[in-house]
Amino acid sequence: MLGSDGQGAGFLLLSLLLLAAWEAGSGQVHYSVPEEAKHGTFVGRIAQDLGLELAELVPRLFRVASKGRGDLLEVNLQNGILFVNSRIDREELCGQSLECSIHLEVIVERPLQVFHVEVEVKDINDNPPVFPATEKNLFISETRALDSHFSLEGASDADIGANALLTYRLSPNEYFSLDVPTNDEQVKPLQLVLKKPLDREIASELLLVLKATDGGKPELTGTVELDITVLDVNDNAPVFDKAVYRVKIMENARNGTLVIRLNASDLDEGSNSHVFYSFATDVSPDTEASFHIDSATGEIKVNGKIDFEENKLWKLQIEAVDKGNPPMFGHCTILIEVLDINDNAPELLVTSLSLSVPENAPLGTVIALISVTDYDAGDNGQVTCSLTPHVPFKLVSTFKNYYSLVLDSALDRESVSDYAVVVTARDGGSPSLSATASVSVEVADVNDNAPAFAQPEYTVFVKENNPPGCHIFTVSARDADAQENALVSYSLVERRVGERALSSYVSVHAESGKVYALQPLDHEELELLQFQVSARDAGVPPLGSNVTLQVFVLDENDNAPALLPPGAGNAGGAVSQLVARSLGAGQVVAKVRAVDADSGYNAWLSYELQPASGVARSPFRVGLYTGEISTTRALDEADAPRQRLLVLVKDHGEPVLVSTATVLLSLVDSGQARETPSRALAAAANAETALVDVNVYLIIAICAVSSLLVLTLLLYTALWCSAPPPEGACGPGKPTLVCSSAVGSWSCSQQRRQRVCSGEGPPKTDLMAFSPSVPPGSSSGDSGKQQEIFENVSTVLLG
């Protein structure tokens with residue numbers, strides 16, 4: 001419990017530290033710099049203000065990125081100072097906007113941090129007031145009444161604030177004064193006011209200078225010359241219903257769309273009252289390209305592209321002129337407000353920070369930086385971002401319209417090796433517009449999977465006396481990782497086998513997993529060789545697993561039957577025995593005993609009496625499986641006193657191996673053989689009693705083992721029938737029998753059937769039981785009867 005509490009506290013502390021680092025990385029630093037500052041002008045100690053050490057700027061790949069022009073500001077990595085790198089023109093950068101800032105993204109790695117820096121560009125008075133033209137001609141009738149107003153186009157200043165606050169002054173004269181609108185009446189035009197009646201005979205032409213001065217320091221000025229011509233007669237000018245008209249129109253309005261229909265009236269009669277409409281002489285080319293005015297009707301219609309993003313408000317100066325001589329003019333102003341529609345889809349800019357992400361990357365790892373822009377206004381410009389569903393990532397807003405793509409849940413390369421993450425940006429317009437960008441994230445492998453074998457244990461059958469270096473089996477393990485993490489090598493798990501090392505018996509190829517027998521195996525010496533093979537990958541740290549191999553050494557018939565005492569010696573040794581001539585038929589006179597070091601069929605012995613050439617039919621025979629020599633009839637005087645019998649002892653192996661025993665029988669009278677048979681009969685009686693006991697126990701044991709085997713086979717068959725495995729599949733945890741022979745290897749699935757695998761010929765389904773070799777100390781009669789009974793029982797079981 002104490003360890004668990006310690007781990008929980010450590011995890012909580014790590015989470016708080018990561019949260020603090022994230023909040024610090026998402027902060028904003030603000031600087032200001034005047035426009036037109038010289039190259040190298042100090043802006044701020046950005047490294048110090050962001051809490052970064054100068055020595056870590058280069059190792060952590062400190063870099064600055066800005067949207068749009070990225071060469072205006074630069075950072076000296078030696079001292080961490082942000083300075084002006086190239087000319088900054090506020091008017092070129094932000095136009096007439098009251099706020100003008102350069103947004104910088106400062107990115108450092110190891111660990112990754114993103115800082116947002118805002119540099120405000122201060123306006124200086126570097127633009128003088130400018131009139132639309134340097135000279136303006138006015139034609140004014142001498143009959144114009146006092147206090148008549150004549151509209152003038154004011155000057156414009158590209159600066160903002162006080163630097164763009166203009167004051168006007170008219171050169172001194174006795175006829176005109178200047179009517180300047182207040183701040184609340186900026187939409188009204190600048191006007192000349194007639195304060196003294198004109199007299200063309202006294203002054204037919206007046207030359208005035210209009211001067212505009214801004215509020216900057218130092219002050220800058222602009223002038224326009226007013227050339228006034230005094231006209232006679234036609235003394236009524238056209239008059240509009242309103243001095244200022246306000247109109248709203250949707251952007252992208254079609255050509256020919258009616259904006260407004262103007263009406264100006266002239267109190268004169270005849271041709272002096274006929275009015276024609278036109279744009280003011282100093283109209284901008286953009287106005288003429290976007291709108292058309294009908295000179296006769298006063299209708300203003302759309303004639304070109306109307307784009308809210310380019311111009312939100314149009315200001316049109318309209319003149320109405322009559323046909324008088326001289327003509328008279330009336331003026332009005334039309335303010336056309338362009339209403340935004342959702343015609344701009346969001347724009348996505350994705351900056352990927354890494355080519356691949358380790359599958360054990362911690363949550364919160366930043367994958368990419370995303371910025372969104374929508375040039376529409378209001379709800380049409382409000383953008384929300386979303387990701388493809390069911391991906392282990394999420395979007396985190398770091399600044400207005402700036403996002404970070406971060407890891408939200410654990411990765412597993414073995415499940416998904418790469419992701420195609422689609423970022424969707426959708427605005428709030430109706431209907432809404434959207435844009436998508438794809439971010440490809442590759443998951444890098446880490447060594448988190450150990451090599452795995454198909455099953456934990458294999459059973460292999462190999463014939464003894466195999467050639468050295470023989471391939472007996474191939475192990476194979478699969479690693480779910482990739483590249484070097486999936487490169488598997490094999491080795492033996494070393495141990496002692498008796499007095500010798502395992503590596504002296506077998507070896508395994510490190511790359512292919514092939515298992516080789518280094519020396520001939522001997523069934524009589526080693527029936528089962530069990531060992532483990534280790535599979536280990538090349539990852540760091542390496543991972544591994546083991547599989548168990550059970551190698552059964554199958555017997556071959558490489559041992560001939562061996563004769564047992566008495567009279568064993570070499571093959572062909574003689575057994576001498578005295579036989580009374582009075583014995584009747586069926587009497588046992590001698591016994592040949594032999595054992596075979598092999599097993600199974602190879603150790604199953606049979607005895608055969610080889611007939612002598614040129615000799616009449618012998619009065620003796622030998623038991624096929626007991627080796628007992630008995631009489632076939634009663635002996636008589638015609639039988640030769642010395643009988644030489646050759647007994648062939650054969651096993652059932654392939655090929656059959658044979659040993660020869662020589663039995664010498666001497667036929668004697670009953671008196672001479674009385675003593676010897678009496679002793680033999682006594683011994684035979686004792687042996688018969690012992691043999692009965694031994695046979696009873698042996699039969700009971702064999703029957704118990706046979707019953708248990710039959711019960712096991714029935715239970716296995718029932719389980720196999722109730723849940724058959726799929727074709728060619730092995731159940732988990734059940735070893736596969738693999739039989740190896742000189743012509744190849746083959747497998748017997750224990751889920752299919754029970755087989756005794758020999759590797760040659762069809763597999764035998766019989767259950768073979770063989771008697772072990774009789775120890776040397778047994779008597780001839782006992783061993784013969786015991787072996788014969790056991791073999792008879794075995795034959796019954798086999799049948």
# chains A, B, ... in the order shown; residues from 1 in each chain; ligands from 1
>>> select_by_dssp(residues="range 203-449 of chain A", states="strand (DSSP E)", output="VMD selection string")
chain A and resid 205 to 213 221 to 231 239 to 240 244 to 250 258 to 261 264 to 265 275 to 279 291 to 293 299 to 302 313 to 322 329 to 339 347 to 352 356 to 358 366 to 373 383 to 387 393 to 399 402 to 407 418 to 427 434 to 444
>>> residues_around(residues="range 257-259 of chain A", least_positions_apart="4", cutoff="12 Å", atoms="only C-alpha atoms", output="ChimeraX atom specification")
/A:245-253,290-294,298-306,314,316,334-338
>>> write_last_selection(atoms="N, CA, C and O atoms", output="CSV table (one decimal), in the first residue's frame")
chain,number,residue,atom,x,y,z
A,245,TYR,N,-26.8,60.5,-48.7
A,245,TYR,CA,-27.7,59.3,-48.8
A,245,TYR,C,-26.9,58.1,-48.2
A,245,TYR,O,-25.7,57.9,-48.5
A,246,ARG,N,-27.6,57.2,-47.5
A,246,ARG,CA,-27.0,56.0,-46.9
A,246,ARG,C,-27.7,54.8,-47.5
A,246,ARG,O,-29.0,54.7,-47.4
A,247,VAL,N,-26.9,53.9,-48.1
A,247,VAL,CA,-27.5,52.7,-48.8
A,247,VAL,C,-26.7,51.5,-48.3
A,247,VAL,O,-25.5,51.5,-48.0
A,248,LYS,N,-27.4,50.3,-48.2
A,248,LYS,CA,-26.8,49.0,-47.9
A,248,LYS,C,-26.9,48.1,-49.1
A,248,LYS,O,-28.0,48.1,-49.7
A,249,ILE,N,-25.9,47.3,-49.4
A,249,ILE,CA,-25.9,46.4,-50.5
A,249,ILE,C,-25.1,45.2,-50.1
A,249,ILE,O,-24.1,45.2,-49.4
A,250,MET,N,-25.6,44.0,-50.6
A,250,MET,CA,-24.9,42.7,-50.3
A,250,MET,C,-23.7,42.6,-51.2
A,250,MET,O,-23.7,43.0,-52.4
A,251,GLU,N,-22.6,42.1,-50.6
A,251,GLU,CA,-21.4,41.8,-51.4
A,251,GLU,C,-21.8,40.8,-52.5
A,251,GLU,O,-22.7,40.0,-52.4
A,252,ASN,N,-21.0,40.8,-53.5
A,252,ASN,CA,-21.2,39.9,-54.7
A,252,ASN,C,-22.5,40.1,-55.4
A,252,ASN,O,-23.0,39.2,-56.0
A,253,ALA,N,-23.1,41.3,-55.2
A,253,ALA,CA,-24.3,41.6,-56.0
A,253,ALA,C,-24.0,41.6,-57.5
A,253,ALA,O,-22.9,41.9,-57.9
A,290,SER,N,-16.7,49.9,-60.4
A,290,SER,CA,-17.6,49.1,-59.6
A,290,SER,C,-19.0,49.6,-59.8
A,290,SER,O,-20.0,48.8,-59.6
A,291,PHE,N,-19.2,50.9,-60.1
A,291,PHE,CA,-20.6,51.4,-60.2
A,291,PHE,C,-20.8,52.2,-61.5
A,291,PHE,O,-19.8,52.7,-62.1
A,292,HIS,N,-22.0,52.3,-61.9
A,292,HIS,CA,-22.4,53.0,-63.2
A,292,HIS,C,-23.6,53.9,-62.8
A,292,HIS,O,-24.5,53.5,-62.2
A,293,ILE,N,-23.5,55.2,-63.3
A,293,ILE,CA,-24.6,56.1,-63.0
A,293,ILE,C,-25.2,56.5,-64.4
A,293,ILE,O,-24.5,56.8,-65.3
A,294,ASP,N,-26.5,56.5,-64.4
A,294,ASP,CA,-27.2,56.9,-65.6
A,294,ASP,C,-27.4,58.4,-65.6
A,294,ASP,O,-28.0,58.9,-64.7
A,298,GLY,N,-30.4,59.3,-63.2
A,298,GLY,CA,-29.8,59.3,-61.8
A,298,GLY,C,-29.7,58.0,-61.2
A,298,GLY,O,-29.4,57.9,-60.0
A,299,GLU,N,-30.0,56.9,-61.9
A,299,GLU,CA,-29.9,55.5,-61.3
A,299,GLU,C,-28.4,55.1,-61.2
A,299,GLU,O,-27.7,55.2,-62.2
A,300,ILE,N,-28.0,54.6,-60.0
A,300,ILE,CA,-26.7,54.1,-59.8
A,300,ILE,C,-26.8,52.6,-59.7
A,300,ILE,O,-27.6,52.1,-58.8
A,301,LYS,N,-26.1,51.8,-60.5
A,301,LYS,CA,-26.2,50.3,-60.5
A,301,LYS,C,-24.8,49.7,-60.4
A,301,LYS,O,-23.8,50.4,-60.6
A,302,VAL,N,-24.8,48.5,-59.9
A,302,VAL,CA,-23.5,47.7,-59.8
A,302,VAL,C,-23.0,47.4,-61.2
A,302,VAL,O,-23.7,47.0,-62.1
A,303,ASN,N,-21.7,47.7,-61.3
A,303,ASN,CA,-21.1,47.5,-62.6
A,303,ASN,C,-19.8,46.6,-62.5
A,303,ASN,O,-19.2,46.4,-63.6
A,304,GLY,N,-19.5,46.2,-61.4
A,304,GLY,CA,-18.3,45.4,-61.2
A,304,GLY,C,-18.4,44.5,-59.9
A,304,GLY,O,-19.4,44.3,-59.3
A,305,LYS,N,-17.2,44.0,-59.5
A,305,LYS,CA,-17.2,43.2,-58.3
A,305,LYS,C,-17.3,44.0,-57.0
A,305,LYS,O,-16.6,45.0,-56.8
A,306,ILE,N,-18.2,43.6,-56.1
A,306,ILE,CA,-18.4,44.2,-54.8
A,306,ILE,C,-18.0,43.2,-53.8
A,306,ILE,O,-18.6,42.1,-53.6
A,314,TRP,N,-18.3,52.3,-49.4
A,314,TRP,CA,-18.0,53.1,-50.6
A,314,TRP,C,-18.6,54.5,-50.3
A,314,TRP,O,-19.7,54.7,-49.8
A,316,LEU,N,-19.4,57.9,-52.5
A,316,LEU,CA,-19.5,58.4,-53.8
A,316,LEU,C,-19.9,59.9,-53.8
A,316,LEU,O,-20.9,60.2,-53.1
A,334,ILE,N,-23.1,59.8,-51.4
A,334,ILE,CA,-23.7,58.6,-51.2
A,334,ILE,C,-22.8,57.6,-50.4
A,334,ILE,O,-21.6,57.4,-50.9
A,335,LEU,N,-23.2,57.2,-49.3
A,335,LEU,CA,-22.4,56.2,-48.5
A,335,LEU,C,-23.0,54.8,-48.7
A,335,LEU,O,-24.2,54.6,-48.2
A,336,ILE,N,-22.3,53.9,-49.3
A,336,ILE,CA,-22.8,52.6,-49.6
A,336,ILE,C,-22.1,51.6,-48.7
A,336,ILE,O,-20.8,51.4,-48.7
A,337,GLU,N,-22.9,51.0,-47.8
A,337,GLU,CA,-22.3,50.0,-46.8
A,337,GLU,C,-22.5,48.6,-47.4
A,337,GLU,O,-23.6,48.2,-47.8
A,338,VAL,N,-21.4,47.9,-47.5
A,338,VAL,CA,-21.4,46.5,-48.1
A,338,VAL,C,-21.6,45.5,-47.0
A,338,VAL,O,-20.9,45.5,-46.0
>>> closest_residue(among="A:Ile102, A:Val460, A:Leu487, A:Leu528", to="Glu511 in chain A", atoms="only C-alpha atoms")
A:Leu487
>>> atom_distance(atom1="CA of Cys332 in chain A", atom2="CA of Ala264 in chain A")
9.5 Å
>>> closest_residue(among="A:Thr223, A:Ser86, A:Ser141, A:Ser66", to="Ala37 in chain A", atoms="only C-alpha atoms")
A:Ser86
>>> residues_around(residues="range 275-288 of chain A", least_positions_apart="2", cutoff="6 Å", atoms="only C-alpha atoms", output="list in words")
Ser290, Phe291, Ser295, Ala296, Gly298, Gln317, Ile318, Glu319, Ala320, Val321 and Asp322 of chain A
>>> write_last_selection(atoms="N, CA, C and O atoms", output="PDB file, in the first residue's frame")
ATOM      1  N   SER A 290     -16.657  49.912 -60.384  1.00  0.00           N
ATOM      2  CA  SER A 290     -17.610  49.132 -59.609  1.00  0.00           C
ATOM      3  C   SER A 290     -19.049  49.605 -59.773  1.00  0.00           C
ATOM      4  O   SER A 290     -19.975  48.813 -59.564  1.00  0.00           O
ATOM      5  N   PHE A 291     -19.238  50.870 -60.113  1.00  0.00           N
ATOM      6  CA  PHE A 291     -20.594  51.404 -60.206  1.00  0.00           C
ATOM      7  C   PHE A 291     -20.756  52.184 -61.516  1.00  0.00           C
ATOM      8  O   PHE A 291     -19.787  52.701 -62.093  1.00  0.00           O
ATOM      9  N   SER A 295     -26.823  59.083 -66.566  1.00  0.00           N
ATOM     10  CA  SER A 295     -26.792  60.552 -66.546  1.00  0.00           C
ATOM     11  C   SER A 295     -28.179  61.162 -66.639  1.00  0.00           C
ATOM     12  O   SER A 295     -28.412  62.281 -66.155  1.00  0.00           O
ATOM     13  N   ALA A 296     -29.123  60.462 -67.233  1.00  0.00           N
ATOM     14  CA  ALA A 296     -30.450  61.037 -67.415  1.00  0.00           C
ATOM     15  C   ALA A 296     -31.378  60.725 -66.249  1.00  0.00           C
ATOM     16  O   ALA A 296     -32.127  61.591 -65.784  1.00  0.00           O
ATOM     17  N   GLY A 298     -30.399  59.270 -63.173  1.00  0.00           N
ATOM     18  CA  GLY A 298     -29.796  59.323 -61.848  1.00  0.00           C
ATOM     19  C   GLY A 298     -29.721  57.967 -61.163  1.00  0.00           C
ATOM     20  O   GLY A 298     -29.435  57.893 -59.967  1.00  0.00           O
ATOM     21  N   GLN A 317     -19.145  60.701 -54.513  1.00  0.00           N
ATOM     22  CA  GLN A 317     -19.497  62.118 -54.691  1.00  0.00           C
ATOM     23  C   GLN A 317     -20.193  62.254 -56.041  1.00  0.00           C
ATOM     24  O   GLN A 317     -19.630  61.917 -57.085  1.00  0.00           O
ATOM     25  N   ILE A 318     -21.469  62.761 -56.018  1.00  0.00           N
ATOM     26  CA  ILE A 318     -22.299  62.868 -57.219  1.00  0.00           C
ATOM     27  C   ILE A 318     -22.533  64.352 -57.540  1.00  0.00           C
ATOM     28  O   ILE A 318     -22.788  65.168 -56.637  1.00  0.00           O
ATOM     29  N   GLU A 319     -22.443  64.678 -58.809  1.00  0.00           N
ATOM     30  CA  GLU A 319     -22.735  66.025 -59.290  1.00  0.00           C
ATOM     31  C   GLU A 319     -23.994  65.988 -60.155  1.00  0.00           C
ATOM     32  O   GLU A 319     -24.180  65.051 -60.950  1.00  0.00           O
ATOM     33  N   ALA A 320     -24.819  67.026 -59.994  1.00  0.00           N
ATOM     34  CA  ALA A 320     -25.966  67.244 -60.882  1.00  0.00           C
ATOM     35  C   ALA A 320     -25.751  68.598 -61.572  1.00  0.00           C
ATOM     36  O   ALA A 320     -25.544  69.622 -60.899  1.00  0.00           O
ATOM     37  N   VAL A 321     -25.757  68.644 -62.885  1.00  0.00           N
ATOM     38  CA  VAL A 321     -25.484  69.864 -63.652  1.00  0.00           C
ATOM     39  C   VAL A 321     -26.651  70.135 -64.599  1.00  0.00           C
ATOM     40  O   VAL A 321     -27.214  69.201 -65.185  1.00  0.00           O
ATOM     41  N   ASP A 322     -27.006  71.434 -64.687  1.00  0.00           N
ATOM     42  CA  ASP A 322     -28.086  71.770 -65.611  1.00  0.00           C
ATOM     43  C   ASP A 322     -27.518  72.206 -66.945  1.00  0.00           C
ATOM     44  O   ASP A 322     -26.296  72.250 -67.139  1.00  0.00           O
TER      45      ASP A 322
END
>>> residues_around(residues="range 443-458 of chain A", least_positions_apart="4", cutoff="9 Å", atoms="only C-alpha atoms", output="short mmCIF file (atom, residue, chain, number, x, y, z; two decimals) with C-alpha atoms, in the first residue's frame")
data_model
loop_
_atom_site.label_atom_id
_atom_site.label_comp_id
_atom_site.auth_asym_id
_atom_site.auth_seq_id
_atom_site.Cartn_x
_atom_site.Cartn_y
_atom_site.Cartn_z
CA SER A 356 7.12 10.09 -36.45
CA VAL A 357 5.87 9.65 -32.88
CA PRO A 358 7.14 6.80 -30.65
CA GLU A 359 4.36 4.49 -29.57
CA ASN A 360 5.33 5.09 -25.93
CA LEU A 411 -0.45 4.56 -29.10
CA ASP A 412 0.16 0.96 -30.14
CA ARG A 413 2.10 0.48 -33.39
CA GLU A 414 1.18 -3.19 -33.54
CA VAL A 416 -2.23 0.94 -35.91
CA SER A 417 1.10 1.93 -37.50
CA ASP A 418 0.06 5.29 -38.93
CA TYR A 419 -2.80 7.75 -38.80
CA VAL A 475 11.64 -23.72 -34.06
CA SER A 476 10.08 -20.44 -35.10
CA ALA A 477 9.04 -17.46 -33.00
CA ARG A 478 7.21 -14.38 -34.21
CA ASP A 479 7.82 -10.85 -32.88
CA ALA A 480 5.02 -8.31 -33.42
CA ASP A 481 7.50 -5.41 -33.39
CA ALA A 482 9.25 -4.03 -36.48
CA GLN A 483 12.78 -3.77 -37.90
CA GLU A 484 15.53 -4.64 -35.43
CA ASN A 485 12.97 -5.05 -32.63
CA ALA A 486 11.51 -7.98 -34.61
CA VAL A 488 14.83 -12.88 -33.65
CA GLN A 532 14.68 -25.39 -23.95
CA ALA A 535 14.28 -16.73 -28.76
CA ARG A 536 15.52 -13.16 -28.20
CA ASP A 537 14.97 -10.03 -30.29
CA ALA A 538 17.52 -7.31 -31.12
CA GLY A 539 15.68 -4.47 -29.36
CA VAL A 540 17.03 -2.34 -26.55
CA PRO A 541 16.53 -3.75 -24.01
CA PRO A 542 16.13 -7.16 -25.67
CA LEU A 543 13.08 -9.30 -24.88
CA GLY A 544 12.92 -13.09 -25.07
CA SER A 545 10.90 -16.25 -24.44
CA ASN A 546 11.59 -20.00 -24.25
CA VAL A 547 10.07 -23.11 -25.79
CA THR A 548 10.49 -26.68 -24.55
CA LEU A 549 11.52 -29.50 -26.93
CA GLN A 550 11.03 -33.15 -25.94
CA VAL A 551 13.15 -35.32 -28.23
CA CYS A 730 -3.22 -27.11 -32.85
CA GLY A 731 -4.92 -26.31 -29.57
CA PRO A 732 -3.05 -23.96 -27.28
CA GLY A 733 -0.74 -25.60 -24.85
CA LYS A 734 -0.86 -29.10 -26.48
CA PRO A 735 2.47 -30.31 -27.83
CA THR A 736 2.79 -31.49 -31.41
CA LEU A 737 4.32 -34.87 -32.13
CA VAL A 738 7.03 -34.53 -34.73
#
>>> residues_around(residues="range 599-602 of chain A", least_positions_apart="5", cutoff="6 Å", atoms="only C-alpha atoms", output="PyMOL selection string")
chain A and resi 557+651-653+770
>>> atom_distance(atom1="CA of Ile160 in chain A", atom2="CA of Asp123 in chain A")
7.0 Å
>>> residues_around(residues="Leu395 in chain A", least_positions_apart="2", cutoff="8 Å", atoms="only C-alpha atoms", output="ChimeraX atom specification")
/A:385-387,393,397,403-406
>>> write_last_selection(atoms="N, CA and C atoms", output="tab-separated table (two decimals), in the first residue's frame")
chain	number	residue	atom	x	y	z
A	385	CYS	N	-12.77	24.24	-35.01
A	385	CYS	CA	-11.97	23.15	-35.59
A	385	CYS	C	-12.33	21.83	-34.93
A	386	SER	N	-12.27	20.77	-35.70
A	386	SER	CA	-12.53	19.43	-35.19
A	386	SER	C	-11.62	18.44	-35.89
A	387	LEU	N	-11.54	17.24	-35.29
A	387	LEU	CA	-10.66	16.17	-35.81
A	387	LEU	C	-11.49	15.00	-36.30
A	393	PHE	N	-5.84	11.61	-30.75
A	393	PHE	CA	-5.31	12.96	-30.72
A	393	PHE	C	-6.43	13.93	-30.40
A	397	SER	N	-6.45	24.70	-28.07
A	397	SER	CA	-6.32	26.09	-28.51
A	397	SER	C	-5.23	26.78	-27.71
A	403	TYR	N	-3.95	26.48	-32.92
A	403	TYR	CA	-4.20	25.22	-32.23
A	403	TYR	C	-2.94	24.36	-32.25
A	404	SER	N	-2.90	23.46	-31.26
A	404	SER	CA	-1.84	22.43	-31.24
A	404	SER	C	-2.52	21.07	-31.31
A	405	LEU	N	-2.00	20.20	-32.17
A	405	LEU	CA	-2.46	18.81	-32.25
A	405	LEU	C	-1.62	18.00	-31.28
A	406	VAL	N	-2.23	17.48	-30.20
A	406	VAL	CA	-1.50	16.79	-29.15
A	406	VAL	C	-2.03	15.37	-29.00
>>> decode(residues="range 148-172 of chain A", atoms="C-alpha atoms", output="PDB file, in the first residue's frame")
ATOM      1  CA  SER A 148     -24.287  79.397 -50.739  1.00  0.00           C
ATOM      2  CA  HIS A 149     -22.228  76.268 -50.114  1.00  0.00           C
ATOM      3  CA  PHE A 150     -19.798  74.636 -52.581  1.00  0.00           C
ATOM      4  CA  SER A 151     -18.617  71.118 -51.814  1.00  0.00           C
ATOM      5  CA  LEU A 152     -14.895  70.335 -51.815  1.00  0.00           C
ATOM      6  CA  GLU A 153     -13.141  67.012 -51.600  1.00  0.00           C
ATOM      7  CA  GLY A 154     -11.152  66.887 -48.379  1.00  0.00           C
ATOM      8  CA  ALA A 155      -7.617  65.608 -47.992  1.00  0.00           C
ATOM      9  CA  SER A 156      -6.697  62.133 -46.757  1.00  0.00           C
ATOM     10  CA  ASP A 157      -3.867  61.097 -44.440  1.00  0.00           C
ATOM     11  CA  ALA A 158      -2.530  57.524 -44.425  1.00  0.00           C
ATOM     12  CA  ASP A 159      -1.583  57.835 -40.753  1.00  0.00           C
ATOM     13  CA  ILE A 160      -3.965  57.199 -37.863  1.00  0.00           C
ATOM     14  CA  GLY A 161      -4.971  58.874 -34.651  1.00  0.00           C
ATOM     15  CA  ALA A 162      -3.708  62.386 -34.020  1.00  0.00           C
ATOM     16  CA  ASN A 163      -1.377  62.078 -37.004  1.00  0.00           C
ATOM     17  CA  ALA A 164      -4.434  61.794 -39.246  1.00  0.00           C
ATOM     18  CA  LEU A 165      -6.495  64.538 -37.531  1.00  0.00           C
ATOM     19  CA  LEU A 166      -6.683  67.264 -40.179  1.00  0.00           C
ATOM     20  CA  THR A 167      -7.347  71.002 -39.871  1.00  0.00           C
ATOM     21  CA  TYR A 168      -8.091  73.187 -42.908  1.00  0.00           C
ATOM     22  CA  ARG A 169      -7.229  76.833 -43.637  1.00  0.00           C
ATOM     23  CA  LEU A 170      -8.300  78.937 -46.600  1.00  0.00           C
ATOM     24  CA  SER A 171      -6.095  81.661 -47.926  1.00  0.00           C
ATOM     25  CA  PRO A 172      -7.346  85.145 -46.913  1.00  0.00           C
TER      26      PRO A 172
END
